[in-house]
Amino acid sequence: MNNFTPRGRAVRILCRVDEENAYVNLLLQKELKEVQEGRDRQLITMLVNGTLKNRLTLDYALRLHLRTALSSLPHEVRWILRISAFQLLFLTKIPAPAAINEGVELTKLRQGKYTKLVNGVLHNVLETGWNIRWPNSKKEAARYLSVKYSHPEWMVKRWLKRYGFEETEKLCSTNNEPVFLWIRTNTLKTTREDLVEKLEEEGIQVQLGDRVPESLVLENPGAIEQLKSFQEGLFTVQDESSQLVAHILNPAPGDHVLDACAAPGGKTTHIAQKMNDQGEILAFDIHSHKIELIQQLAHRLGITIIRAQEGDARELRGVKDGSCPKVLVDAPCSGLGVIRRRADLRYHKAEEEIQKLPALQLEILERAARCVSRGGELVYSTCTIEPEENFEVVKAFKTAHPEFKPVSLLDLLPFSLEDERDIRQAEKGMLQILPHRHGMDGFFIAKFQREV
């Protein structure tokens, strides 16, 4: 047993998430660069994301068998217990004796005096299984959903008020499902059909997305940056719901487009594809180090029309009022629509953030609106499902700016809506995508046109 087994690496990553408040995606990327074996990479990713997603549930199960508070144990012991319990409760393909033995051996290596405790607790977890006494779902609905589906209680309470118990449970359950990797075909270099053929030649299982014409989903792709098709810029990673934005903006070749909050550049480069790399895109972001990300992505995809520059979207210095026929505001938001994709996101957020963000979002939207030319169009989008950041911001904007009229999304969406609620929304120029209803990342899009 050593620190460089998949379980040892997973524990190391999760301890850093805990101790340094670090982002798990960045730590995973760095760690996986040192791992060559595809199966090991998949196991590390599954252990890290699965354990982190289900942390509150695992803690609840572990506390049943602990005489001392879980928080009183060293970080490493906590994560060894959680990773091992995750395997015992969630991963049927991993033999229970192997999960327990690896946990015990890791403890011997790192925190030897806790070996007996870990061994005893894990055997009890195995014996109990899912025969757990949960909080009463009728009397303590928020607490029940919080520990059963590992979501902060404040978050669950918000959704219970909005959706009721049954739909909130579906949303929480969907947020815990494994995620597949969605990619966007770079239509400047290839077709979706040719990309499928290329990826299959590289040993990747591919399925066509059925809602966005450029979308593909990859199953267990491993290290995609090592694929020749990736290096040649034939695709980029982007969820289907995010790919809708460029279709809703609907730019034409030769257009002058403003992207007010552009990093890391997924939507910006998709807009460039829709423009056939003809025209100009002004791409702003407030973080200087993220400007380089936009430029690197554009270079890999062979895109030349993006002018990426550092700048506050509340100011947009150098952009003349009324100068842009197409403007996108992909606003900074709480990100609660992408919880399924980012395992640690639910623990990084606080309700106070949702209360503060709408003022910033509206300020950015109003500044960007001044840049829209007469007859021009403005799209507002977020990757959250919270109405204060979406419908309420749009409502405030429409009240203050009657010169901007909603544009129906029905003819712009690359797929047909089936739910009457969605159809009515889209007719009014807005669409709220929900993970449990639509099978995509949670997302919000609204479109307006300025009067001539």
# chains A, B, ... in the order shown; residues from 1 in each chain; ligands from 1
>>> residues_around(residues="Ile224 of chain A", least_positions_apart="5", cutoff="12 Å", atoms="only C-alpha atoms", output="tab-separated table (two decimals) with N, CA and C atoms, in the first residue's frame")
chain	number	residue	atom	x	y	z
A	29	GLN	N	-7.61	17.60	-12.09
A	29	GLN	CA	-6.87	17.75	-13.35
A	29	GLN	C	-5.37	17.58	-13.11
A	32	LEU	N	-4.53	13.85	-12.08
A	32	LEU	CA	-4.71	12.86	-13.15
A	32	LEU	C	-3.61	12.92	-14.20
A	33	LYS	N	-2.92	14.04	-14.28
A	33	LYS	CA	-1.80	14.14	-15.22
A	33	LYS	C	-0.69	13.16	-14.87
A	38	GLY	N	-5.92	4.15	-17.63
A	38	GLY	CA	-7.27	4.70	-17.78
A	38	GLY	C	-8.21	4.29	-16.66
A	41	ARG	N	-7.55	6.30	-13.55
A	41	ARG	CA	-8.05	7.67	-13.69
A	41	ARG	C	-9.56	7.70	-13.43
A	181	LEU	N	-19.74	13.44	-20.37
A	181	LEU	CA	-19.01	14.58	-20.92
A	181	LEU	C	-19.64	15.00	-22.25
A	182	TRP	N	-20.20	16.20	-22.28
A	182	TRP	CA	-20.77	16.75	-23.50
A	182	TRP	C	-19.72	17.59	-24.22
A	183	ILE	N	-19.68	17.47	-25.52
A	183	ILE	CA	-18.74	18.27	-26.31
A	183	ILE	C	-19.51	18.96	-27.45
A	199	LEU	N	-13.60	10.11	-33.53
A	199	LEU	CA	-13.56	9.73	-32.11
A	199	LEU	C	-13.65	8.22	-31.93
A	202	GLU	N	-10.51	6.64	-32.41
A	202	GLU	CA	-9.64	6.84	-31.26
A	202	GLU	C	-10.09	6.04	-30.04
A	203	GLY	N	-11.10	5.19	-30.24
A	203	GLY	CA	-11.53	4.30	-29.18
A	203	GLY	C	-12.54	4.89	-28.21
A	204	ILE	N	-13.20	5.98	-28.61
A	204	ILE	CA	-14.15	6.65	-27.72
A	204	ILE	C	-15.58	6.28	-28.10
A	218	LEU	N	-19.80	11.89	-24.73
A	218	LEU	CA	-18.75	10.87	-24.69
A	218	LEU	C	-18.89	10.05	-23.41
A	219	GLU	N	-18.73	8.75	-23.54
A	219	GLU	CA	-18.79	7.87	-22.37
A	219	GLU	C	-17.37	7.41	-22.02
A	229	SER	N	-7.92	14.36	-31.93
A	229	SER	CA	-9.05	15.19	-32.37
A	229	SER	C	-9.20	16.44	-31.50
A	230	PHE	N	-8.88	16.31	-30.21
A	230	PHE	CA	-8.92	17.47	-29.32
A	230	PHE	C	-7.79	18.43	-29.67
A	231	GLN	N	-6.58	17.89	-29.82
A	231	GLN	CA	-5.41	18.70	-30.12
A	231	GLN	C	-5.56	19.43	-31.45
A	232	GLU	N	-6.28	18.81	-32.38
A	232	GLU	CA	-6.50	19.43	-33.70
A	232	GLU	C	-7.63	20.45	-33.67
A	233	GLY	N	-8.28	20.60	-32.51
A	233	GLY	CA	-9.34	21.60	-32.37
A	233	GLY	C	-10.65	21.24	-33.03
A	234	LEU	N	-10.94	19.93	-33.11
A	234	LEU	CA	-12.18	19.50	-33.75
A	234	LEU	C	-13.39	19.61	-32.82
A	235	PHE	N	-13.14	19.82	-31.53
A	235	PHE	CA	-14.25	19.97	-30.58
A	235	PHE	C	-13.78	20.67	-29.32
A	236	THR	N	-14.73	21.10	-28.52
A	236	THR	CA	-14.44	21.62	-27.18
A	236	THR	C	-15.52	21.12	-26.23
A	237	VAL	N	-15.21	21.11	-24.95
A	237	VAL	CA	-16.15	20.62	-23.94
A	237	VAL	C	-17.17	21.71	-23.63
>>> residues_around(residues="Val329 of chain A", least_positions_apart="4", cutoff="8 Å", atoms="only C-alpha atoms", output="list in words")
Asp259, Ala260, Cys261, Ile364, Leu365, Ala368, Leu378, Val379, Tyr380 and Ser381 of chain A
>>> residues_around(residues="segment 86-100 of chain A", least_positions_apart="4", cutoff="7 Å", atoms="only C-alpha atoms", output="count of residues only")
7
>>> closest_residue(among="A:Ser334, A:His151, A:Pro402, A:Leu117", to="Leu73 of chain A", atoms="only C-alpha atoms")
A:Leu117
>>> closest_residue(among="A:Lys267, A:Lys108, A:Arg300, A:Arg55", to="Leu328 of chain A", atoms="only C-alpha atoms")
A:Lys267
>>> closest_residue(among="A:Glu451, A:Glu352, A:Asp344, A:Glu177", to="Tyr23 of chain A", atoms="only C-alpha atoms")
A:Asp344
>>> residues_around(residues="segment 310-318 of chain A", least_positions_apart="3", cutoff="6 Å", atoms="only C-alpha atoms", output="MDAnalysis selection string")
chainID A and resid 260 284:286 288 364 367
>>> write_last_selection(atoms="N, CA and C atoms", output="PDB file, in the first residue's frame")
ATOM      1  N   ALA A 260     -20.058  40.290 -22.999  1.00  0.00           N
ATOM      2  CA  ALA A 260     -19.647  41.127 -21.859  1.00  0.00           C
ATOM      3  C   ALA A 260     -18.939  40.363 -20.751  1.00  0.00           C
ATOM      4  N   PHE A 284     -15.084  40.511 -23.303  1.00  0.00           N
ATOM      5  CA  PHE A 284     -14.569  41.085 -22.064  1.00  0.00           C
ATOM      6  C   PHE A 284     -14.614  40.059 -20.924  1.00  0.00           C
ATOM      7  N   ASP A 285     -13.648  40.170 -20.025  1.00  0.00           N
ATOM      8  CA  ASP A 285     -13.736  39.482 -18.736  1.00  0.00           C
ATOM      9  C   ASP A 285     -12.946  40.280 -17.715  1.00  0.00           C
ATOM     10  N   ILE A 286     -13.434  40.262 -16.487  1.00  0.00           N
ATOM     11  CA  ILE A 286     -12.831  41.090 -15.445  1.00  0.00           C
ATOM     12  C   ILE A 286     -11.511  40.527 -14.943  1.00  0.00           C
ATOM     13  N   SER A 288      -7.867  39.044 -15.539  1.00  0.00           N
ATOM     14  CA  SER A 288      -6.836  39.072 -16.582  1.00  0.00           C
ATOM     15  C   SER A 288      -6.355  37.671 -16.947  1.00  0.00           C
ATOM     16  N   ILE A 364     -24.801  44.944 -14.764  1.00  0.00           N
ATOM     17  CA  ILE A 364     -24.106  44.496 -15.986  1.00  0.00           C
ATOM     18  C   ILE A 364     -25.052  44.514 -17.186  1.00  0.00           C
ATOM     19  N   ARG A 367     -25.726  48.111 -18.375  1.00  0.00           N
ATOM     20  CA  ARG A 367     -24.582  48.698 -19.095  1.00  0.00           C
ATOM     21  C   ARG A 367     -24.460  48.092 -20.489  1.00  0.00           C
TER      22      ARG A 367
END
>>> select_by_dssp(residues="segment 3-170 of chain A", states="alpha helix (DSSP H)", output="PyMOL selection string")
chain A and resi 6-20+24-32+38-53+55-63+75-90+96-110+115-128+141-149+153-163+165-170
>>> select_by_dssp(residues="segment 127-200 of chain A", states="strand (DSSP E)", output="list in words")
Leu181, Trp182, Ile183, Arg184 and Thr185 of chain A
